[in-house]
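Some notes on the structure that comes next.
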Amino acid sequence: MRYALWVAYDGTGFCGWQVQPNGRTVQAELNAAVYRAFGESTSVTASGRTDAGVHALMQVCHVDLNAEIDGKKLADALNARLPDDVSVLRSAVAPEGFDANRSAKRKTYRYNMYFAPRRNPLSDRYAVWIKGELRADKLREAAEIFVGEHDFAAYCASGSQVKTTVREIYSVDVVEDGGAVAVEVCGNGFLYNMVRTLVGTMLWYSLGKLSLGDISASLKTGNRSLVGKTMPAKGLLLKSVQYGSSLFD
């Protein structure tokens, strides 16, 4: 039987989502929890991979088990065997044909920054310090350019193997809270490092290091010299994954 999982994790101590030979990963911890709970060797599939240091508030996964269990109680069975930095917040029997990766319709990532003269150690675990003036109006000007369907080749890390670098962005919102600011990006899919580079480009424009013309040209030409830096992983959070219907009623 296939089950759906809503998983949250603090990515600080992980080398990303996907199992790898040398390094602690979220997928490996979930696989191990399934084995300890049910004695079954299986691979938990996620909506997509997150990189080392990236966090998730809502990573949606599926797992196939021979054991039959109340879908809502599966979360507790796994949490009893998971470390403190991973938790299954909800679980359910998956609908017919559900695939956590292929069935996803849209994802929303949130990137957290704070603008201040000096670094705040209490903010540093989940946000990136920017020593400069917050220009939220400038961030929003740059954000508008990314909405729609574009070729994001310039925003993809080198070495990525994908069939196409075209993606559709539904919204880019800038949310202010004092000196803290979050950029929330919703789209039908994302390339490797795409959100972190997109936010870095918005930031560079707000600081006067790029023009709006540079950003528009980067989307048309794929020229990586026209984009900003790739921001650190710790500021990035997978906020939600949507499937067109509710999985966890």
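Every chain in the structure tokens has a letter given in the order shown (A, B, ...), and although residue numbers restart at 1 in each chain, ligands are simply numbered from 1 in the order shown.
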> Neighbours of Trp17 (chain A) within 7 Å (only C-alpha atoms; same-chain residues fewer than 3 positions away dropped), as a ChimeraX atom specification?
Replying inline: /A:25-27,49-51
> Could you write out, as a PyMOL selection string, all the residues of region 13-188 of chain A that DSSP marks as helix (DSSP H, G or I)?
Replying inline: chain A and resi 13+26-38+71-79+136-146+153-155
>> With only C-alpha atoms as the counted atoms, please give the residues lying no more than 8 Å from region 1-7 of chain A, apart from itself and same-chain residues fewer than 5 positions off, as a count of residues only.
In response: 26
> What gap, in Å, lies between CA of Thr45 (chain A) and CA of Val172 (chain A)?
Replying inline: 27.3 Å
> Which neighbours of Val34 (chain A) fall inside 9 Å, counting only C-alpha atoms, when residues of the same chain fewer than 4 positions from it are skipped, and could you give them as a list in words?
Replying inline: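 Within the cut-off, the hits are Glu29, Leu30, Phe38, Gly39, Glu40, Ser41, Thr42, Ser43, Val44, Val63, Leu65, Ala77, Leu78 and Arg81 of chain A.
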So that I can see what lies close to Lys234 (chain A), please list as a short mmCIF file (atom, residue, chain, number, x, y, z; two decimals) with C-alpha atoms, in the first residue's frame the residues with an atom at most 6 Å from it, counting only C-alpha atoms and leaving out residues fewer than 6 positions away in the same chain.
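Written file, around_11.cif:
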```
data_model
loop_
_atom_site.label_atom_id
_atom_site.label_comp_id
_atom_site.auth_asym_id
_atom_site.auth_seq_id
_atom_site.Cartn_x
_atom_site.Cartn_y
_atom_site.Cartn_z
CA GLY A 53 21.66 22.89 4.38
CA VAL A 54 18.21 23.60 2.91
CA TYR A 126 17.59 30.10 9.18
#
```
>> If DSSP is run on the backbone, what residues of region 45-229 of chain A are strand (DSSP E or B)? A reply as a PyMOL selection string would be ideal.
In response: chain A and resi 45-46+55-64+86-93+106-115+128-130+148-151+166-177+180-187
> Hey, what's within 10 Å of region 186-192 of chain A if we count only C-alpha atoms and toss same-chain stuff fewer than 4 positions away? As a PyMOL selection string, please?
Replying inline: chain A and resi 48-51+104-110+147-149+152-153+155-162+164-173+196-197+239-242
> In Å, how far is it from CA of Lys220 (chain A) to CA of Arg102 (chain A)?
Replying inline: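 Pair CA of Lys220 (chain A) / CA of Arg102 (chain A) returns 28.1 Å.
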> To one decimal place, how far is CA of Asp151 (chain A) from CA of Pro232 (chain A) in Å?
Replying inline: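 Straight-line distance from CA of Asp151 (chain A) to CA of Pro232 (chain A) works out to 22.9 Å.
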> Which of these, A:Asp249, A:Arg118, A:Ala46, A:Lys138, has the shortest distance to Asp99 (chain A) once you count only C-alpha atoms?
Replying inline: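 That would be A:Ala46, the residue with the smallest distance to Asp99 (chain A).
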